[in-house]
Every structure is written in C-alpha cells, then in structure tokens.
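One structure below.
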Amino acid sequence: MVTIGKQDLVPTVPAGATEALGNDAAPTVTVVHPALLIRINQLFRPDMSPLELYEVTRGVWKLGVRREKAQYGLAVFGGVVREVYEIQSWHPALTNAYETRGLEHHDVTGRWEFLGAVADEEIRGRYRGRSVRHYFRKGMQNPTIYVNC
C-alpha cells in the first residue's frame with residue numbers, strides 16, 4: 001500500500017497562475033490515457049494545499065468496475081485540470097485515513113477511493129492547466145467521467 005504525505009506532493013499551480021489562467025483561457029486537451037476525470041467544483045479552493053487537493057480528488061466516489069482500468073485521476077475544477085494523479089490502487093471508501101477531510105459521518109456505501117501519487121512531469125505537463133470541459137455534457141450531474149477506460 002502506498003501512502004502519500006505532504007512530502008510526496010508538489011504545488012499544483014504556480015503562484016498567481018490560478019488567477020492568470022481563467023477557465024476560458026485554458027487550451028483544450030484530448031485525453032489519450034485511460035483516465036477518470038473528477039470534478040471537484042464543490043470542494044475546490046484556490047488556496048488548497050497539495051494534500052487537500054489530493055484528498056478531495058482521491059475519494060469518495062460512486063464508481064463501477066471500470067475504475068480499475070483508469071491509470072490516472074484528473075482533478076478538474078471549472079473545466080480545467082488542476083492536477084494529475086497516477087492511480088496505484090482502489091479501495092472501498094474510508095479504508096484509508098484522510099488528514100484534511102472529515103468524512104466519518106458520510107454514507108459511503110458503494111463508494112470508492114484511490115491511493116496514488118502525483119503523475120510524472122510528462123503526463124502532468126500534457127494535461128495540467130488544460131480544458132477538459134468538452135467531456136462534460138451540459139446538465140450532466142455525475143462528477144466523474146471515464147475516458148479511454
């Protein structure tokens with residue numbers, strides 16, 4: 001089992017880049033890797049620490065067996081990829097501790113979480129700061145989308 005701590009994560013967005021890179025300014029990207037796009041719109045804050053961003057991205061999601069095919073989890077806010085994680089393993093929700101989230105009182109029946117690490121620079125550079133809003137149909141409620149899985 002792989003554990004991610006503060007020392008394993010790197011800053012997700014360079015200082016000032018969140019404000020400078022508006023959602024409309026982000027270039028569109030086609031996801032070519034098996035990935036799970038995860039909208040974190042309700043929990044995202046521009047001042048989140050890397051650990052907070054990782055924890056809101058990794059769980060807890062209502063997913064089927066297709067999750068096993070996803071190699072990467074992309075944290076998406078406002079249609080723009082904020083970080084890319086390499087998924088190393090899937091676990092039933094709340095199997096692993098969260099340092100920055102209080103989920104003890106949530107019903108997590110049938111929900112899943114992943115353990116992983118920030119993807120290597122080649123993969124991060126391909127997706128981070130790019131728009132994936134074209135994958136989300138208007139009115140779509142589900143916060144997760146499988147791509148190439």
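Order determines the names: the first chain of the structure tokens is A, the second B, and so forth; residues in each chain are numbered 1 upward, and ligands are numbered 1 upward as they are shown.
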- Selection near segment 29-37 of chain A, 9 Å with only C-alpha atoms, sequence-local residues under 3 positions removed, as a ChimeraX atom specification: /A:67,69-76,81,126-127,130-132,135,143-149
May I have the residues from that selection written out with N, CA and C atoms, as a compact mmCIF listing (two decimals), in the first residue's frame?
# COMPACT_ATOMS: atom_id res chain seq x y z
N ARG A 67 -13.48 1.51 -12.96
CA ARG A 67 -12.45 2.28 -12.23
C ARG A 67 -11.10 1.60 -12.32
N LYS A 69 -9.66 0.22 -14.68
CA LYS A 69 -8.94 0.49 -15.94
C LYS A 69 -8.30 1.87 -15.98
N ALA A 70 -8.73 2.75 -15.10
CA ALA A 70 -8.19 4.13 -15.10
C ALA A 70 -6.78 4.14 -14.52
N GLN A 71 -5.84 4.68 -15.28
CA GLN A 71 -4.45 4.81 -14.82
C GLN A 71 -4.21 6.15 -14.13
N TYR A 72 -5.02 7.15 -14.49
CA TYR A 72 -4.82 8.50 -13.96
C TYR A 72 -6.13 9.07 -13.45
N GLY A 73 -6.05 9.83 -12.39
CA GLY A 73 -7.18 10.59 -11.87
C GLY A 73 -6.86 12.07 -12.09
N LEU A 74 -7.72 12.76 -12.81
CA LEU A 74 -7.50 14.18 -13.11
C LEU A 74 -8.45 15.03 -12.27
N ALA A 75 -7.90 15.89 -11.43
CA ALA A 75 -8.69 16.81 -10.62
C ALA A 75 -9.12 17.96 -11.51
N VAL A 76 -10.44 18.13 -11.67
CA VAL A 76 -10.98 19.13 -12.58
C VAL A 76 -11.81 20.15 -11.81
N VAL A 81 -8.09 21.09 -15.78
CA VAL A 81 -7.36 20.11 -14.98
C VAL A 81 -6.42 20.86 -14.04
N ARG A 126 1.18 17.43 -19.94
CA ARG A 126 0.23 17.21 -21.04
C ARG A 126 -1.18 17.70 -20.67
N TYR A 127 -1.59 17.52 -19.40
CA TYR A 127 -2.97 17.78 -19.01
C TYR A 127 -3.19 18.97 -18.08
N ARG A 130 -5.11 22.54 -18.63
CA ARG A 130 -5.82 22.42 -19.91
C ARG A 130 -7.31 22.16 -19.66
N SER A 131 -8.11 22.59 -20.61
CA SER A 131 -9.55 22.43 -20.52
C SER A 131 -9.99 21.03 -20.97
N VAL A 132 -10.85 20.43 -20.14
CA VAL A 132 -11.49 19.17 -20.49
C VAL A 132 -13.01 19.32 -20.44
N TYR A 135 -15.67 17.22 -22.36
CA TYR A 135 -16.07 15.87 -21.95
C TYR A 135 -17.34 15.88 -21.09
N PRO A 143 -20.13 13.71 -11.16
CA PRO A 143 -18.85 14.42 -11.09
C PRO A 143 -17.69 13.65 -11.72
N THR A 144 -17.92 12.41 -12.13
CA THR A 144 -16.81 11.60 -12.69
C THR A 144 -17.14 11.14 -14.10
N ILE A 145 -16.09 11.09 -14.92
CA ILE A 145 -16.23 10.61 -16.30
C ILE A 145 -15.03 9.71 -16.62
N TYR A 146 -15.31 8.54 -17.15
CA TYR A 146 -14.24 7.66 -17.62
C TYR A 146 -13.87 8.08 -19.04
N VAL A 147 -12.57 8.12 -19.32
CA VAL A 147 -12.09 8.39 -20.66
C VAL A 147 -11.08 7.30 -21.01
N ASN A 148 -11.30 6.62 -22.12
CA ASN A 148 -10.43 5.54 -22.59
C ASN A 148 -10.36 4.36 -21.63
N CYS A 149 -11.41 4.14 -20.88
CA CYS A 149 -11.46 3.03 -19.91
C CYS A 149 -12.48 2.00 -20.35
- Per-residue DSSP, chain A, filtered to helix (DSSP H, G or I), as a ChimeraX atom specification: /A:6-8,17-20,23-25,50-58,65-69,121-127,133-135
- Fewer than 6 positions away in the same chain doesn't count, so skip those; otherwise give me all residues within 12 Å of Leu103 of chain A, counting only C-alpha atoms, as a list in words. Glu55, Val56, Gly59, Val60, Ala93, Leu94, Thr95, Asn96 and Ala97 of chain A
Can you write just those residues out, N, CA and C atoms, as an mmCIF file, in the first residue's frame?
data_model
loop_
_atom_site.group_PDB
_atom_site.id
_atom_site.type_symbol
_atom_site.label_atom_id
_atom_site.label_comp_id
_atom_site.auth_asym_id
_atom_site.auth_seq_id
_atom_site.Cartn_x
_atom_site.Cartn_y
_atom_site.Cartn_z
ATOM 1 N N GLU A 55 -6.591 14.824 -1.519
ATOM 2 C CA GLU A 55 -7.621 14.137 -0.750
ATOM 3 C C GLU A 55 -9.032 14.371 -1.285
ATOM 4 N N VAL A 56 -9.330 15.560 -1.796
ATOM 5 C CA VAL A 56 -10.667 15.761 -2.373
ATOM 6 C C VAL A 56 -10.788 15.055 -3.717
ATOM 7 N N GLY A 59 -11.111 10.613 -3.286
ATOM 8 C CA GLY A 59 -12.314 9.934 -2.804
ATOM 9 C C GLY A 59 -13.324 10.920 -2.274
ATOM 10 N N VAL A 60 -14.495 10.521 -2.074
ATOM 11 C CA VAL A 60 -15.075 9.191 -2.175
ATOM 12 C C VAL A 60 -16.122 9.210 -3.295
ATOM 13 N N ALA A 93 -14.409 3.061 0.111
ATOM 14 C CA ALA A 93 -14.305 4.384 0.734
ATOM 15 C C ALA A 93 -14.042 4.289 2.229
ATOM 16 N N LEU A 94 -13.188 5.165 2.702
ATOM 17 C CA LEU A 94 -12.763 5.313 4.090
ATOM 18 C C LEU A 94 -11.927 4.149 4.603
ATOM 19 N N THR A 95 -11.371 3.376 3.681
ATOM 20 C CA THR A 95 -10.414 2.335 4.061
ATOM 21 C C THR A 95 -9.119 2.988 4.526
ATOM 22 N N ASN A 96 -8.778 4.096 3.912
ATOM 23 C CA ASN A 96 -7.544 4.821 4.210
ATOM 24 C C ASN A 96 -7.882 6.161 4.859
ATOM 25 N N ALA A 97 -7.039 6.580 5.768
ATOM 26 C CA ALA A 97 -7.287 7.814 6.526
ATOM 27 C C ALA A 97 -7.140 9.057 5.652
#
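Atom CA of Trp61 of chain A is positioned 13.9 Å from atom CA of Ile87 of chain A.
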- Message: At a cut-off of 10 Å, using only C-alpha atoms, what residues contact Glu52 of chain A? Leave out same-chain residues fewer than 3 positions from it and give the result as a list in words.
- Response: Lys6, Leu43, Phe44, Arg45, Asp47, Met48, Ser49, Glu55, Val56, Thr57, Tyr98, Glu99, Thr100 and Arg101 of chain A
- Rounded to one decimal place, report the atom CA of Gly139 of chain A-atom CA of Glu68 of chain A distance in Å.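 One can read the atom CA of Gly139 of chain A to atom CA of Glu68 of chain A distance as 26.5 Å.
Taking atom CA of Thr28 of chain A as the reference point, atom CA of Glu121 of chain A is found at 18.6 Å.
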Considering only C-alpha atoms, return as a PDB file with C-alpha atoms, in the first residue's frame whatever protein or nucleic-acid residues lie within 7 Å of Ala117 of chain A, sequence-local ones (same chain, fewer than 2 positions apart) excluded.
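The resulting file, part_21.pdb, is reproduced below:
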ATOM      1  CA  ILE A   4       1.012   9.938   0.205  1.00  0.00           C
ATOM      2  CA  TYR A  85      -2.507  11.653 -10.137  1.00  0.00           C
ATOM      3  CA  GLU A  86      -1.269   8.220 -11.108  1.00  0.00           C
ATOM      4  CA  ILE A  87      -3.743   5.764  -9.595  1.00  0.00           C
ATOM      5  CA  ALA A 119       1.915  11.808 -12.059  1.00  0.00           C
TER       6      ALA A 119
END
- Message: Using only C-alpha atoms for the distances, tell me which of A:Gln88, A:Gly125, A:Pro46, A:Lys62 is nearest to Val108 of chain A.
- Response: A:Lys62
- Find the residue from A:Gly116, A:Arg66, A:Val80, A:Asp107 that sits nearest to Leu51 of chain A; use only C-alpha atoms when measuring.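 Result for the nearest residue to Leu51 of chain A: A:Gly116.
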- Query: Which residue out of A:His106, A:Arg133, A:His91, A:Arg124 has the minimum interatomic distance to Ile38 of chain A when only C-alpha atoms are used?
  - Reply: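 Using only C-alpha atoms, Ile38 of chain A sits closest to A:Arg133.
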- Nearest to Ser89 of chain A by atom-to-atom distance, counting only C-alpha atoms, from A:Leu115, A:Ala25, A:Ile123, A:Ile40: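 When distances to Ser89 of chain A are compared using only C-alpha atoms, the smallest one comes from A:Leu115.
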- Item | From A:His105, A:Arg128, A:Arg58, A:Arg39, residue lying nearest Glu83 of chain A [only C-alpha atoms] | A:Arg128
